[in-house]
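J.: Take this structure first; my questions come after.
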Amino acid sequence: MVRETHLRKEDLIMPVFITAKSGVKSEIPSMPDIYNYSLDTVDEELDRLAEVGMKRVLLFGIPAHKDAVGSDTWHDHGIIQEAVKHIRKNYPDFYIVTDVCFCEYTDHGHCGVLAKDGELLNDPTLENLQKQAVSHAAAGADMVAPSGMIDGMIMAMRDALDEAGHESIPIMSYAIKYASSFYGPFRDAVDSAPQFGDRSAYQMDPSNRREAMVEAELDYNEGADILMVKPALSYLDIIRDLRNSVDLPVACYNVSGEYSMVKAAAARGWIDEKRMRHEQLLSMKRAGADIIITYFARDIAPELD
């Protein structure tokens with residue numbers, strides 16, 4: 001009766017990894033019970049989600065071929081475009097969010113177009129982000145979520161979506177994304193580790209707090225509909241700061257490393273997995289997150305009925 005914070009399944013989004021190969025259901029070694037699926041096997045995961053009332057998904061693609069600019073991201077028959085069309089046809093009541101970035105699709109593992117010296121080129125990357133976002137919307141995505149922390153990405157994508165007739169497609173911005181050590185298992189899942197250098201030039205320094213609000217304000221002013229903090233567990237103070245500073249919905253991403261730590265400790269009998277995952281997600285909600293992207297979504301949903 002006096003409990004202040006409640007975790008609901010409606011707060012959660014489940015990430016789903018889809019590969020362009022066929023006949024694939026491959027467990028990600030560093031992420032127990034999370035799989036790479038191909039289009040001919042992903043219904044198994046979607047059925048599991050539907051059974052527990054979990055119908056909000058965030059799609060990540062692993063293309064058949066990678067190149068220097070990640071051109072599969074805007075191809076009409078790219079893996080995400082085909083996945084969106086498949087889900088829209090066979091699971092019409094699902095809400096589909098697509099990741100808009102390039103690290104999974106480039107042969108160098110960085111989040112955009114690179115100069116010869118390896119520096120990320122902001123404006124050419126924005127042009128490709130526009131093409132990617134429009135192609136996802138045309139395929140039937142309900143929402144696009146740019147994750148590269150590229151300067152000006154929200155305004156560029158909003159302009160392109162509106163011009164293409166997709167004015168109603170919302171943008172969930174990875175507005176505050178730290179250059180974190182918690183992403184390792186995800187990079188295993190999509191083979192997106194940078195081939196050289198790192199992403200600290202366009203992601204945030206974990207030491208910085210005030211800068212996070214500057215980044216969020218930029219995306220707010222450019223027209224973002226939802227602002228995200230990533231990772232979540234080590235940045236609860238940032239989630240609270242953001243909640244206090246904007247009137248938009250606030251999302252956070254309970255990332256792969258946060259998930260895998262719980263799974264690894266539970267496998268050794270050191271912790272109670274069910275209690276810990278609920279406590280961690282509850283802390284994110286209590287900090288101010290309206291939306292939580294988490295690999296625990298499928299398993300925790302039945303407990304939240």
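Ordering of the structure tokens sets the chain letters (A, B, ...), residue numbers begin anew at 1 in every chain, and ligands are numbered from 1 in the order given.
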Please give the complete set of residues from region 6-182 of chain A that DSSP, run on the backbone, assigns to strand (DSSP E), formatted as a VMD selection string.

T.: chain A and resid 12 to 19 25 to 27 35 to 38 56 to 62 95 to 100 113 to 114 120 to 121 143 to 146 172 to 177

J.: Mind checking which residues fall within 10 Å of Lys21 (chain A), counting only C-alpha atoms, ignoring those fewer than 5 positions away in the same chain, and posting them as a list in words?

T.: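 The neighbour list is Asn36, Tyr37, Ser38, Leu39, Asp40, Ile62, Pro63, Ala64 and Ile79 of chain A.
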
J.: For those residues, write C-alpha atoms to a file as a PDB file, in the first residue's frame.

T.:
ATOM      1  CA  ASN A  36      21.489 -14.852 -32.350  1.00  0.00           C
ATOM      2  CA  TYR A  37      18.553 -15.852 -34.529  1.00  0.00           C
ATOM      3  CA  SER A  38      18.043 -15.953 -38.257  1.00  0.00           C
ATOM      4  CA  LEU A  39      14.739 -14.964 -39.801  1.00  0.00           C
ATOM      5  CA  ASP A  40      13.707 -18.604 -40.115  1.00  0.00           C
ATOM      6  CA  ILE A  62      24.216  -8.874 -38.106  1.00  0.00           C
ATOM      7  CA  PRO A  63      24.599  -8.516 -41.890  1.00  0.00           C
ATOM      8  CA  ALA A  64      25.857 -11.095 -44.357  1.00  0.00           C
ATOM      9  CA  ILE A  79      18.589  -7.800 -42.392  1.00  0.00           C
TER      10      ILE A  79
END

J.: Would you please work out which residue, of A:Val134, A:Met261, A:Met143, A:Ala289, is nearest to Glu163 (chain A) when using only C-alpha atoms?

T.: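 Answer, going by the shortest atom-to-atom distance: A:Val134.
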
J.: Considering only C-alpha atoms, return as a list in words whatever protein or nucleic-acid residues lie within 8 Å of region 201-210 of chain A, sequence-local ones (same chain, fewer than 6 positions apart) excluded.

T.: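 My reading of the contact set: Gly148, Met149, Ile150, Ile176, Lys177, Tyr178, Ala179, Ser180 and Ile238 of chain A.
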
J.: Find the residue from A:Ala164, A:Ile226, A:Leu7, A:Val57 that sits nearest to Gln280 (chain A); use only C-alpha atoms when measuring.

T.: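 Closest candidate: A:Leu7.
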
J.: Calculate how many Å separate CA of Met153 (chain A) from CA of His65 (chain A), rounding to one decimal.

T.: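 Computing the Euclidean distance for CA of Met153 (chain A) and CA of His65 (chain A) yields 24.8 Å.
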